[in-house]
Every structure is written in C-alpha cells, then in structure tokens.
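*Asks:* Sharing structure-v6.cif (mmCIF, C-alpha atoms) below.
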```
data_model
#
loop_
_atom_site.label_atom_id
_atom_site.label_comp_id
_atom_site.auth_asym_id
_atom_site.auth_seq_id
_atom_site.Cartn_x
_atom_site.Cartn_y
_atom_site.Cartn_z
CA THR Q 1 -25.50 15.26 -22.55
CA SER Q 2 -23.78 13.77 -19.57
CA MET Q 3 -20.13 12.89 -19.27
CA PHE Q 4 -21.19 9.29 -19.90
CA SER Q 5 -21.78 9.85 -23.59
CA ASN Q 6 -18.04 9.94 -24.22
CA ILE Q 7 -17.27 6.65 -22.48
CA ASP Q 8 -19.40 4.48 -24.75
CA LYS Q 9 -16.60 4.22 -27.27
CA TYR Q 10 -14.49 2.49 -24.61
CA LYS Q 11 -16.94 -0.19 -23.54
CA ASN Q 12 -15.66 -2.76 -26.05
CA ILE Q 13 -12.04 -2.41 -25.01
CA LYS Q 14 -10.95 -5.67 -23.45
CA GLU Q 15 -9.58 -5.30 -19.96
CA VAL Q 16 -6.22 -6.95 -19.28
CA LYS Q 17 -6.63 -9.37 -16.38
CA ASN Q 18 -4.67 -8.54 -13.20
CA SER Q 19 -3.64 -5.15 -14.55
CA PHE Q 20 -3.09 -2.04 -12.47
CA ILE Q 21 -2.93 1.50 -13.81
CA PHE Q 22 -1.56 4.76 -12.48
CA VAL Q 23 -2.33 7.99 -14.34
CA GLY Q 24 -0.63 11.13 -13.08
CA ARG Q 25 2.63 12.97 -12.70
CA ILE Q 26 5.56 10.64 -12.15
CA VAL Q 27 6.82 12.38 -9.01
CA LYS Q 28 7.45 11.41 -5.40
CA GLU Q 29 4.31 13.16 -4.02
CA LYS Q 30 2.12 10.91 -6.16
CA GLY Q 31 3.29 7.85 -4.23
CA VAL Q 32 5.03 6.40 -7.28
CA GLU Q 33 7.87 4.85 -5.30
CA GLU Q 34 5.47 3.15 -2.88
CA LEU Q 35 3.42 1.89 -5.83
CA ILE Q 36 6.45 0.36 -7.54
CA LYS Q 37 7.58 -1.30 -4.31
CA ALA Q 38 4.09 -2.57 -3.46
CA PHE Q 39 3.60 -3.93 -6.97
CA SER Q 40 6.94 -5.73 -6.86
CA GLY Q 41 5.64 -7.68 -3.88
CA VAL Q 42 2.32 -8.38 -5.60
CA ALA Q 43 4.11 -9.56 -8.78
CA LYS Q 44 5.94 -12.25 -6.80
CA LYS Q 45 2.57 -13.76 -5.91
CA TYR Q 46 0.92 -12.95 -9.27
CA PRO Q 47 3.59 -13.24 -11.97
CA ASP Q 48 1.01 -12.37 -14.66
CA ALA Q 49 0.04 -9.07 -12.99
CA GLU Q 50 1.14 -5.86 -14.66
CA LEU Q 51 1.43 -2.21 -13.67
CA ASN Q 52 0.93 0.45 -16.32
CA MET Q 53 2.29 3.90 -15.49
CA TYR Q 54 0.92 6.81 -17.53
CA GLY Q 55 2.33 10.29 -17.10
CA ASP Q 56 5.45 12.39 -17.19
CA GLY Q 57 7.30 14.22 -14.49
CA GLU Q 58 10.69 15.22 -13.22
CA ASP Q 59 11.22 11.84 -11.50
CA PHE Q 60 10.29 9.75 -14.57
CA GLU Q 61 13.82 8.40 -15.22
CA LYS Q 62 14.50 7.81 -11.53
CA TYR Q 63 11.39 5.66 -11.10
CA LYS Q 64 11.84 3.91 -14.40
CA GLU Q 65 15.25 2.87 -13.11
CA LEU Q 66 13.81 1.78 -9.75
CA ALA Q 67 11.42 -0.51 -11.66
CA LEU Q 68 14.06 -1.95 -13.99
CA ASP Q 69 14.23 -5.36 -12.34
CA ASN Q 70 10.48 -5.82 -12.72
CA LYS Q 71 9.57 -6.71 -16.28
CA ARG Q 72 5.85 -6.28 -15.55
CA ILE Q 73 5.99 -2.53 -14.90
CA TYR Q 74 5.46 -0.48 -18.04
CA PHE Q 75 6.17 3.25 -18.32
CA HIS Q 76 4.07 4.66 -21.16
CA GLY Q 77 4.79 8.37 -20.72
CA GLY Q 78 2.00 10.90 -21.08
CA THR Q 79 -1.22 10.01 -22.89
CA ASN Q 80 -3.77 12.01 -24.85
CA ASP Q 81 -6.32 9.29 -24.18
CA PRO Q 82 -6.43 8.64 -20.41
CA LEU Q 83 -9.89 7.05 -20.69
CA GLY Q 84 -8.60 4.55 -23.25
CA ALA Q 85 -5.68 3.70 -20.98
CA ILE Q 86 -7.97 3.32 -17.95
CA ALA Q 87 -10.40 1.18 -19.98
CA LYS Q 88 -7.67 -1.40 -20.70
CA ASN Q 89 -6.81 -1.91 -17.04
CA GLU Q 90 -8.68 -3.67 -14.26
CA ILE Q 91 -7.57 -1.74 -11.18
CA PHE Q 92 -6.86 1.99 -10.85
CA VAL Q 93 -4.35 3.04 -8.18
CA LEU Q 94 -3.81 6.58 -6.86
CA PRO Q 95 -1.41 6.49 -3.89
CA SER Q 96 -0.73 10.26 -3.62
CA TYR Q 97 0.50 11.97 -0.45
CA ARG Q 98 -2.07 14.71 -1.05
CA GLU Q 99 -4.65 15.14 -3.78
CA GLY Q 100 -7.24 17.67 -4.84
CA LEU Q 101 -10.22 16.29 -6.70
CA SER Q 102 -8.41 13.97 -9.11
CA LEU Q 103 -9.88 13.89 -12.60
CA SER Q 104 -8.29 10.53 -13.32
CA LEU Q 105 -9.88 9.14 -10.14
CA LEU Q 106 -13.27 10.43 -11.32
CA ASP Q 107 -12.60 8.90 -14.75
CA ALA Q 108 -11.83 5.56 -13.09
CA VAL Q 109 -15.05 5.45 -11.04
CA MET Q 110 -17.03 6.69 -14.02
CA MET Q 111 -15.62 3.77 -16.01
CA ARG Q 112 -16.54 1.31 -13.27
CA LYS Q 113 -12.99 0.38 -12.33
CA LYS Q 114 -11.77 -1.20 -9.13
CA VAL Q 115 -10.08 1.63 -7.26
CA ILE Q 116 -7.36 1.87 -4.63
CA ALA Q 117 -6.53 5.38 -3.41
CA SER Q 118 -4.67 6.93 -0.54
CA ALA Q 119 -6.88 8.21 2.28
CA VAL Q 120 -6.13 11.89 1.66
CA ASP Q 121 -7.99 15.11 0.81
CA GLY Q 122 -10.01 14.90 -2.41
CA ASN Q 123 -9.84 11.10 -2.60
CA LEU Q 124 -12.03 10.97 0.51
CA GLU Q 125 -14.75 12.85 -1.36
CA VAL Q 126 -14.91 10.13 -3.99
CA ILE Q 127 -14.01 6.83 -2.30
CA ILE Q 128 -15.79 5.37 0.70
CA ASN Q 129 -13.52 2.63 2.00
CA GLY Q 130 -14.87 -0.87 1.36
CA LYS Q 131 -17.97 0.48 -0.37
CA ASN Q 132 -16.79 1.81 -3.71
CA GLY Q 133 -13.05 1.27 -3.47
CA LEU Q 134 -10.23 0.78 -1.01
CA LEU Q 135 -8.50 3.56 0.89
CA VAL Q 136 -4.98 3.03 2.19
CA PRO Q 137 -2.75 5.29 4.27
CA ALA Q 138 -0.38 7.39 2.15
CA LYS Q 139 3.28 6.29 2.11
CA ASN Q 140 2.43 2.78 3.35
CA VAL Q 141 3.87 0.14 0.98
CA GLY Q 142 2.55 -2.81 2.99
CA LYS Q 143 -1.07 -1.61 3.14
CA LEU Q 144 -0.96 -0.66 -0.54
CA ALA Q 145 0.32 -4.12 -1.48
CA ASP Q 146 -2.37 -5.74 0.70
CA ALA Q 147 -5.08 -3.71 -1.07
CA MET Q 148 -3.67 -4.69 -4.47
CA VAL Q 149 -3.70 -8.38 -3.55
CA TYR Q 150 -7.22 -8.04 -2.12
CA MET Q 151 -8.48 -6.60 -5.42
CA LEU Q 152 -6.96 -9.56 -7.27
CA GLU Q 153 -8.15 -12.23 -4.85
CA ASP Q 154 -11.64 -11.12 -3.87
CA GLY Q 155 -12.98 -10.61 -7.36
CA LYS Q 156 -16.65 -10.67 -6.41
CA ARG Q 157 -16.25 -8.02 -3.69
CA ALA Q 158 -13.95 -5.90 -5.86
CA GLU Q 159 -16.46 -6.05 -8.71
CA GLU Q 160 -19.22 -4.95 -6.34
CA MET Q 161 -17.14 -1.96 -5.22
CA ALA Q 162 -16.51 -1.01 -8.86
CA LYS Q 163 -20.25 -1.14 -9.55
CA ASN Q 164 -20.92 0.99 -6.46
CA ALA Q 165 -18.28 3.49 -7.58
CA ARG Q 166 -20.06 3.96 -10.89
CA GLN Q 167 -23.40 4.35 -9.07
CA TYR Q 168 -21.91 6.85 -6.62
CA TYR Q 169 -20.46 8.79 -9.52
CA LYS Q 170 -23.79 8.90 -11.37
CA GLU Q 171 -25.65 10.09 -8.28
CA GLY Q 172 -23.06 12.55 -7.06
CA ALA Q 173 -20.12 13.96 -8.92
CA GLY Q 174 -21.04 13.32 -12.50
CA ALA Q 175 -24.68 13.12 -13.39
#
```
Could I get this file's structure written as structure tokens?

*Replies:*
Amino acid sequence: TSMFSNIDKYKNIKEVKNSFIFVGRIVKEKGVEELIKAFSGVAKKYPDAELNMYGDGEDFEKYKELALDNKRIYFHGGTNDPLGAIAKNEIFVLPSYREGLSLSLLDAVMMRKKVIASAVDGNLEVIINGKNGLLVPAKNVGKLADAMVYMLEDGKRAEEMAKNARQYYKEGAGA
C-alpha cells in the first residue's frame, strides 16, 4: 500500500476558503513571527482570510500574544491529526529559517495543497518555485505576504501548482 491509502478518509473534508495553515513547532526558527506579521497584512486586504497555527513550542505564549489584535489567527496547540488539520485548509505555509525534509510539507503536497515555503534546505527538495508551490526568502515578511496574496488572487495558477505538487509527490518522494 502507498501512503495515499490513508488520505482517502480526508477527501470529503470541506476546505475553508482563504485559509492558511502552519504545522510545526511554535518557535522563532520556524518563521512564526514573520508569518503572523505577513498574515496581518493579508488580512487587511482579505478580512475573511484565516491563519490556523498547529503546534506547541517554547514561544507559543509569546506568539499568541503577538497575534492578539488579529481575530483571524487561531492557535490550536498540538494535533494528533495533522492530515485532518491540513485537509481543512487551502494553503500550507512553512516559513522556516532552516528545514530538514519536513513531514508536514510532504503531507501538504501529498494532499494537493497550495504551498508556500521558505527557500531553504529540505524545502528545495520538495518545492520548485512557481511549478508546484511558491518559495520565498526566509525572514522576509514582505515576500511572504506577497506570496500569500498571490495564492488567494491567482486561484487558477495556485490550483495548478497544487496539482503539480501532488504529481511530483507521486513520482518522487512518495510513490
């Protein structure tokens, strides 16, 4: 059996429109601060957008506080069902400063999500910029926000990248 057999149970989960998800440790090195700041800019333009943060970490309270003035950022804590969380969201974001081969990134491409990741280490093995996702420089709030807006505005292109990501995953990493 391939890894795909376990994602079938998620295919009927309805995706929340204009939703972003982060799955990982809530710590500085994961680019959490940049993500919160970038999303705050995006939310001004798209008041219905939301950012779902899944994970725990030593900076959890600090970043929860940083996000207090934005009612569209939700901190869910850790999850035993990352695939279920990813399934509910439209766009997966991984803005880490450095990254090995991220399992949550692989989950996101496997589940045919629109992906934005920082152009570092392991992310470069999975995402080809503009083909199956968007790569942005680490620690760059402006470029991250631009990528987030692009994913919301160019739906057709973003959808194409998501499809390519799934294809790339099937041919390479997963199948």

*Asks:* Which neighbours of Glu34 (chain Q) fall inside 7 Å, counting only C-alpha atoms, when residues of the same chain fewer than 6 positions from it are skipped, and could you give them as a list in words?

*Replies:* Lys139, Asn140 and Val141 of chain Q

*Asks:* Under the PyMOL selection byres ((chain Q and resi 165) around 12), which residues of this model are included? Write them out as number ranges by chain.

*Replies:* Q: 92, 105-116, 125-134, 158-164, 166-174

*Asks:* Please save C-alpha atoms of the selected residues as a CSV table (one decimal), keeping the file's coordinate frame.

*Replies:*
```
chain,number,residue,atom,x,y,z
Q,92,PHE,CA,-6.9,2.0,-10.8
Q,105,LEU,CA,-9.9,9.1,-10.1
Q,106,LEU,CA,-13.3,10.4,-11.3
Q,107,ASP,CA,-12.6,8.9,-14.8
Q,108,ALA,CA,-11.8,5.6,-13.1
Q,109,VAL,CA,-15.0,5.4,-11.0
Q,110,MET,CA,-17.0,6.7,-14.0
Q,111,MET,CA,-15.6,3.8,-16.0
Q,112,ARG,CA,-16.5,1.3,-13.3
Q,113,LYS,CA,-13.0,0.4,-12.3
Q,114,LYS,CA,-11.8,-1.2,-9.1
Q,115,VAL,CA,-10.1,1.6,-7.3
Q,116,ILE,CA,-7.4,1.9,-4.6
Q,125,GLU,CA,-14.8,12.8,-1.4
Q,126,VAL,CA,-14.9,10.1,-4.0
Q,127,ILE,CA,-14.0,6.8,-2.3
Q,128,ILE,CA,-15.8,5.4,0.7
Q,129,ASN,CA,-13.5,2.6,2.0
Q,130,GLY,CA,-14.9,-0.9,1.4
Q,131,LYS,CA,-18.0,0.5,-0.4
Q,132,ASN,CA,-16.8,1.8,-3.7
Q,133,GLY,CA,-13.0,1.3,-3.5
Q,134,LEU,CA,-10.2,0.8,-1.0
Q,158,ALA,CA,-14.0,-5.9,-5.9
Q,159,GLU,CA,-16.5,-6.0,-8.7
Q,160,GLU,CA,-19.2,-5.0,-6.3
Q,161,MET,CA,-17.1,-2.0,-5.2
Q,162,ALA,CA,-16.5,-1.0,-8.9
Q,163,LYS,CA,-20.2,-1.1,-9.6
Q,164,ASN,CA,-20.9,1.0,-6.5
Q,166,ARG,CA,-20.1,4.0,-10.9
Q,167,GLN,CA,-23.4,4.4,-9.1
Q,168,TYR,CA,-21.9,6.8,-6.6
Q,169,TYR,CA,-20.5,8.8,-9.5
Q,170,LYS,CA,-23.8,8.9,-11.4
Q,171,GLU,CA,-25.6,10.1,-8.3
Q,172,GLY,CA,-23.1,12.6,-7.1
Q,173,ALA,CA,-20.1,14.0,-8.9
Q,174,GLY,CA,-21.0,13.3,-12.5
```

*Asks:* I need every residue sitting at most 7 Å from the point (11.8, 11.4, -8.8) (coordinates as in the file, all atoms listed in the file considered), written as a PyMOL selection string.

*Replies:* chain Q and resi 27-28+58-60+62-63

*Asks:* Which one is closest to Gly142 (chain Q): Q:Lys9, Q:Ser104, Q:Val16, Q:Ile36? Count all atoms listed in the file.

*Replies:*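 For Gly142 (chain Q), the nearest of the given residues is Q:Ile36.
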
*Asks:* Near Glu99 (chain Q), counting all atoms listed in the file, which residues have an atom at most 9 Å away, once you skip same-chain residues fewer than 3 positions from it, shown as a list in words?

*Replies:*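 Non-adjacent residues within range: Lys30, Ser96, Ser102, Ser118, Val120, Asp121, Gly122 and Asn123 of chain Q.
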
*Asks:* Calculated over all atoms listed in the file, which of the candidates Q:Lys71, Q:His76, Q:Lys14, Q:Lys143 has the smallest distance to Pro47 (chain Q)?

*Replies:* Q:Lys71

*Asks:* I'd like the interatomic distance between CA of Ala67 (chain Q) and CA of Leu103 (chain Q), to a tenth of an Å.

*Replies:* 25.7 Å

*Asks:* Using only C-alpha atoms, which of the listed residues (Q:Leu51, Q:Leu101, Q:Leu35, Q:Ile86) sits closest to Leu144 (chain Q)?

*Replies:*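 For Leu144 (chain Q), the nearest of the candidates is Q:Leu35.
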